[in-house]
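One structure is given below, encoded as structure tokens.
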There are 2 protein chains.
Amino acid sequence: MRHRLKDVAERAGVSVKTVSNVVNGYLHVKPDTRARVEEAIAELNYRPNLSARNLRKGRTGVIALAVPELDIPYFAELARHVVVAAAEHGWTVLIDQTGGGPEQERVAASGIADHMIDGLIFSPLALTADDLAGLDGMPMVLLGERVDHGPADHVVIDNVAAAREITGHLAGLGRRRIAAIGSQRTPEGASARLRLEGYAAGLADAGIAYDDRLVAPAPAWHRADGAAAMRQLIDSGARPDAVFCFNDTLALGALRALHEAGLRVPEDVAVAGFDDIEDGRFSIPTLSTIAPDKERIARLAVELLAGRLNGDRAAPPRELQVPYQLTPRESTRPATA
Amino acid sequence: MRHRLKDVAERAGVSVKTVSNVVNGYLHVKPDTRARVEEAIAELNYRPNLSARNLRKGRTGVIALAVPELDIPYFAELARHVVVAAAEHGWTVLIDQTGGGPEQERVAASGIADHMIDGLIFSPLALTADDLAGLDGMPMVLLGERVDHGPADHVVIDNVAAAREITGHLAGLGRRRIAAIGSQRTPEGASARLRLEGYAAGLADAGIAYDDRLVAPAPAWHRADGAAAMRQLIDSGARPDAVFCFNDTLALGALRALHEAGLRVPEDVAVAGFDDIEDGRFSIPTLSTIAPDKERIARLAVELLAGRLNGDRAAPPRELQVPYQLTPRESTRPATA
DNA sequence: TACGGTTTCTACAACGTTGTAAGCAACGTT
DNA sequence: AACGTTGCTTACAACGTTGTAGAAACCGTA
């Protein structure tokens, strides 16, 4: 049986509001009254009804994190950091899995929001700035890259620079036939577009001509897509001597396909990824990658949201950039080593 | 600006309750009244306040899923299935990350629960049946194995049988020095205990003597722990020709350590895991494992919870067993192949 | 016209909490 | 002794919703 303030009040012989004051740490309560109330609370194992509190206060203490898929390691790792960072602000995180489709993301952005959560941290794939316009001022922080600057706060990394740098890293090994895996033509592929741009810039830096036949699309960025794309590159006769995969799961799939084709990594083909997921630190070979500071991303997102919630909701949207780190591992080890 | 029933009612020229009736699909509303109300709802972009509704109805439409860590692939995959299954029942899932410590799990079990959620699906590591006793009848389903039968519904797989079967599989390859990685002495290690028991039974089946020196503990079940345990087994001179790791992440770590030690898998050492996470299907070599039916686990958990919520809360706790599948892959490929 | 029955709608109260305003002691100051 | 001040406590209303009970309008039949 669940108890209410009223039950505690009766037991302690005080008013309901006094119990409320004790629960909320109000200062002016006589020590012995407080003790009596606390005793009653303990005896009845009283717990506040959050729905009622939320109704009264207009706040729920819950924020939502909407990600495309939970079992993509990057998002899972991100989610972990967000949960931790949110807890430091006293928030619980409601995790929503959108699947990445435009319609579902729209539902997530508007539907979930209904008075159940105080704010939203959103990692959209398909959503456009327009979709977000109808959100009635739900405080929101967007993660990841969007080409167009929407109406909400943003936490991003410099995808173009990172992709350019890692492409340069591959060129620095002496590779000339550097392939890319993960391009996408759909409007959802904002990350893909930026990373492709960085790849092209990296090639240009090294004086290598961009070759369409070395760029393989991937409908999604799962391991299976990476393996399929790699196989296709191998079969096409394009003979790459390095591959930059637009994320680590693609790269892990590519490693697998190379292995099955009897090609050695990095001797025959060097492989680089993007995201620095845990798997890449233990794969065979270990995976060179771009390591974004995920903890910082999560922390900043939560802080931006906190800022909106406590401060000015109408302030102009901010965009924060988080650093990344080029992290070479075995899959791009120089031949000399 | 957010609107209330009252605003819609004024605009449509009806009472608040009539609007409520329309929103809730009550039958006896004249078509043209309904139309007027719906128009007003659309114009104001009205959304019900869920806190108020919850307060009134005593239900929130949210269930919680508490897991030790989100970035352990097994839990992430499980979470994905739970979210999907819950959505089919109209529930949103609040995901809570306990960290696996006893105190945090206790907080998760009792604290989160406070009127914010209708029920809880809990995958505990450290919690005992006693800890769960004080939960005041919060409907709850436990996932994974517990030695003692607690007061709540359970969805489990037969750990002992599965571990025994995969140990037998290793023995069937002709291996005699079959090691185990992942044993735990702590009371939290219920899974470890059961899988160790199955391992011992599997050895006995094959007429192999149990050898303490071939059993390596792992404080947690991460890749790093698996790698460390494997290194220790190698260095100890125990010379295993097969390893059964108590989960896939341990096994992936072990693969890595074997690779670094210059040992071939499966030729020198066969490796088997448990859980069938996505990584194991793309690792080099691919990982033989026990594949529990995660989707079924999630679905059953949600259905058990639904049963509690809609039906008899006082019914005796049920325990459902979900099938698993021994899934041989490259890491235990027979020498002849 | 009157009547019972159905359909459609409304007023009111309640869910459990907290903000507001005000009440009552106890105290020190004039 | 009267007074303001401070500390502590309380009654009441309100947050936005829905269940209950019943009123009003409408229908067909006697």
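By convention here, the chains of the structure tokens are called A, B, ... in the order presented, each chain's residues are numbered starting at 1, and ligands are numbered starting at 1 in the order presented.
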Give one line per residue of chain C that approaches chain A to at most 7 Å, naming the two atoms of the closest pair and their distance in Å to one decimal, counting only C-alpha atoms (C1' of nucleotides); sort by chain then ascending residue number and deliver it as JSON lines.
{"residue": "C:DG16", "atom": "C1'", "partner": "A:Ala52", "partner_atom": "CA", "distance": 5.1}
{"residue": "C:DT17", "atom": "C1'", "partner": "A:Arg53", "partner_atom": "CA", "distance": 4.8}
{"residue": "C:DT18", "atom": "C1'", "partner": "A:Arg56", "partner_atom": "CA", "distance": 6.4}
Inset, instruction - Select residues of chain B: the criterion is any atom within 8 Å of an atom of chain A, counting only C-alpha atoms; output as number ranges by chain. - result: B: 1-2, 47-52, 54-55, 69-71, 73, 76-77, 79-80, 83, 92-97, 114-116, 136-137, 223, 252-253, 256, 259, 279, 282-284
Could the residues of chain D that have an atom at most 8 Å from chain B be listed as a tab-separated table, each with its closest atom pair and the distance in Å to one decimal, counting only C-alpha atoms (C1' of nucleotides) and ordered by chain and ascending residue number?
residue	atom	partner	partner_atom	distance
D:DC15	C1'	B:Ala52	CA	7.9
D:DG16	C1'	B:Ala52	CA	5.1
D:DT17	C1'	B:Arg53	CA	4.9
D:DT18	C1'	B:Arg56	CA	6.4
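Of the residues in range 6-139 of chain A, those that DSSP places in strand (DSSP E or B) on the basis of the backbone are Val62, Ile63, Ala64, Leu65, Ala66, Val67, Thr92, Val93, Leu94, Ile95, Asp96, Gln97, Gly119, Leu120, Ile121 and Phe122 of chain A.
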Inset, instruction - Show which residues sit within 10 Å of range 141-146 of chain B, as number ranges by chain. Count only C-alpha atoms (C1' of nucleotides), and ignore same-chain residues fewer than 3 positions away. - result: B: 65-67, 119-129, 138, 149-159, 188-194, 297-298, 300-305, 308, 317-321
Residues as selected, C-alpha atoms, written as an mmCIF file, in the first residue's frame, can you do that?
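This went into again_0.cif:
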data_model
loop_
_atom_site.group_PDB
_atom_site.id
_atom_site.type_symbol
_atom_site.label_atom_id
_atom_site.label_comp_id
_atom_site.auth_asym_id
_atom_site.auth_seq_id
_atom_site.Cartn_x
_atom_site.Cartn_y
_atom_site.Cartn_z
ATOM 1 C CA LEU B 65 14.036 -1.104 -17.715
ATOM 2 C CA ALA B 66 16.933 -1.268 -15.314
ATOM 3 C CA VAL B 67 20.161 -2.747 -16.585
ATOM 4 C CA GLY B 119 6.175 -1.394 -13.672
ATOM 5 C CA LEU B 120 9.771 -2.434 -13.831
ATOM 6 C CA ILE B 121 11.786 -4.862 -15.881
ATOM 7 C CA PHE B 122 14.946 -5.466 -13.991
ATOM 8 C CA SER B 123 18.155 -7.180 -14.916
ATOM 9 C CA PRO B 124 19.944 -7.217 -11.598
ATOM 10 C CA LEU B 125 23.454 -8.310 -10.872
ATOM 11 C CA ALA B 126 23.783 -7.749 -7.203
ATOM 12 C CA LEU B 127 20.287 -7.646 -5.822
ATOM 13 C CA THR B 128 18.989 -10.382 -3.598
ATOM 14 C CA ALA B 129 15.436 -11.495 -3.096
ATOM 15 C CA MET B 138 5.533 -2.558 -7.675
ATOM 16 C CA HIS B 149 13.436 -17.688 -6.253
ATOM 17 C CA GLY B 150 12.353 -14.195 -5.366
ATOM 18 C CA PRO B 151 8.916 -12.697 -5.034
ATOM 19 C CA ALA B 152 8.721 -11.490 -8.632
ATOM 20 C CA ASP B 153 8.142 -12.924 -12.081
ATOM 21 C CA HIS B 154 11.198 -14.233 -13.840
ATOM 22 C CA VAL B 155 12.385 -14.724 -17.389
ATOM 23 C CA VAL B 156 15.453 -16.908 -17.563
ATOM 24 C CA ILE B 157 17.361 -19.230 -19.767
ATOM 25 C CA ASP B 158 18.768 -22.513 -18.573
ATOM 26 C CA ASN B 159 22.304 -21.361 -17.921
ATOM 27 C CA GLU B 188 26.568 -11.053 -7.362
ATOM 28 C CA GLY B 189 27.926 -13.727 -9.589
ATOM 29 C CA ALA B 190 24.786 -15.785 -9.966
ATOM 30 C CA SER B 191 25.234 -16.191 -13.697
ATOM 31 C CA ALA B 192 28.876 -17.016 -13.211
ATOM 32 C CA ARG B 193 27.986 -19.680 -10.687
ATOM 33 C CA LEU B 194 25.457 -21.333 -12.939
ATOM 34 C CA ILE B 297 13.000 -12.660 -23.545
ATOM 35 C CA ALA B 298 11.960 -9.060 -24.069
ATOM 36 C CA LEU B 300 7.813 -12.328 -22.461
ATOM 37 C CA ALA B 301 9.037 -9.840 -19.908
ATOM 38 C CA VAL B 302 6.712 -7.182 -21.240
ATOM 39 C CA GLU B 303 3.823 -9.611 -21.358
ATOM 40 C CA LEU B 304 4.385 -10.824 -17.831
ATOM 41 C CA LEU B 305 4.400 -7.222 -16.728
ATOM 42 C CA ARG B 308 0.498 -8.119 -13.517
ATOM 43 C CA PRO B 317 5.364 -15.480 -9.162
ATOM 44 C CA ARG B 318 5.967 -17.217 -12.427
ATOM 45 C CA GLU B 319 9.244 -18.294 -13.945
ATOM 46 C CA LEU B 320 9.458 -18.653 -17.703
ATOM 47 C CA GLN B 321 12.319 -20.263 -19.516
#
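Non-sequential neighbours of Gln232 in chain A (distance at most 12 Å, separation of 4 or more positions within a chain, only C-alpha atoms (C1' of nucleotides)) are Ala179, Ile181, Arg213, Leu214, Val215, Ala216, Pro217, Ala218, Asp225, Gly226, Ala227, Ala228, Ser236, Gly237, Ala238, Arg239, Pro240, Ala254, Ala257, Leu258 and Ala261 of chain A.
With only C-alpha atoms (C1' of nucleotides) taken into account, the protein and nucleic acid residues at most 10 Å from Leu173 in chain B (excluding it and anything under 2 positions from it in its own chain) are B:Gly168, B:His169, B:Leu170, B:Ala171, B:Arg175, B:Arg176, B:Ala242, B:Ala270, B:Thr332, B:Arg333, B:Pro334, B:Ala335, B:Thr336.
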Which residues are close to DG4 in chain C, i.e. within 12 Å by only C-alpha atoms (C1' of nucleotides), leaving aside same-chain residues fewer than 5 positions away? Reply as an mmCIF file with N, CA and C atoms (P, O5', C5', C4', C3', O3' and C1' of nucleotides), in the first residue's frame.
data_model
loop_
_atom_site.group_PDB
_atom_site.id
_atom_site.type_symbol
_atom_site.label_atom_id
_atom_site.label_comp_id
_atom_site.auth_asym_id
_atom_site.auth_seq_id
_atom_site.Cartn_x
_atom_site.Cartn_y
_atom_site.Cartn_z
ATOM 1 P P DC D 27 -35.130 14.520 -32.436
ATOM 2 O "O5'" DC D 27 -35.785 13.111 -32.092
ATOM 3 C "C5'" DC D 27 -34.937 11.950 -31.987
ATOM 4 C "C4'" DC D 27 -35.691 10.847 -31.299
ATOM 5 C "C3'" DC D 27 -37.072 10.568 -31.876
ATOM 6 O "O3'" DC D 27 -36.974 9.511 -32.829
ATOM 7 C "C1'" DC D 27 -37.039 10.455 -29.464
ATOM 8 P P DG D 28 -38.210 9.224 -33.819
ATOM 9 O "O5'" DG D 28 -39.055 8.186 -32.962
ATOM 10 C "C5'" DG D 28 -38.418 7.021 -32.429
ATOM 11 C "C4'" DG D 28 -39.331 6.379 -31.411
ATOM 12 C "C3'" DG D 28 -40.714 5.998 -31.971
ATOM 13 O "O3'" DG D 28 -41.035 4.691 -31.539
ATOM 14 C "C1'" DG D 28 -40.970 7.378 -30.064
ATOM 15 P P DT D 29 -42.275 3.905 -32.204
ATOM 16 O "O5'" DT D 29 -43.299 3.898 -30.999
ATOM 17 C "C5'" DT D 29 -42.895 3.330 -29.744
ATOM 18 C "C4'" DT D 29 -43.867 3.759 -28.674
ATOM 19 C "C3'" DT D 29 -45.346 3.454 -28.979
ATOM 20 O "O3'" DT D 29 -45.851 2.569 -27.995
ATOM 21 C "C1'" DT D 29 -45.072 5.642 -28.114
ATOM 22 P P DA D 30 -47.270 1.949 -28.120
ATOM 23 O "O5'" DA D 30 -48.075 2.747 -27.014
ATOM 24 C "C5'" DA D 30 -47.683 2.632 -25.634
ATOM 25 C "C4'" DA D 30 -48.450 3.647 -24.824
ATOM 26 C "C3'" DA D 30 -49.979 3.498 -24.875
ATOM 27 O "O3'" DA D 30 -50.516 3.693 -23.584
ATOM 28 C "C1'" DA D 30 -49.371 5.672 -25.551
#
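Pairwise distance (CA of Ala251 in chain B, CA of Asp205 in chain B) equals 23.1 Å.
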Inset, instruction - Grab the CA of Asp32 in chain A to CA of Ala12 in chain A distance for me, in Å with one decimal place. - result: 10.8 Å
Inset, instruction - Name all residues at most 10 Å from Asp275 in chain B (count only C-alpha atoms (C1' of nucleotides); drop same-chain ones fewer than 3 positions away) and give them as a list of chain:residue names. - result: B:Pro73, B:Tyr74, B:Phe75, B:Phe246, B:Asn247, B:Asp248, B:Thr249, B:Glu278, B:Gly280, B:Ser288, B:Thr289, B:Ile290, B:Ala291, B:Pro292, B:Asp293, B:Lys294, B:Tyr324, B:Gln325
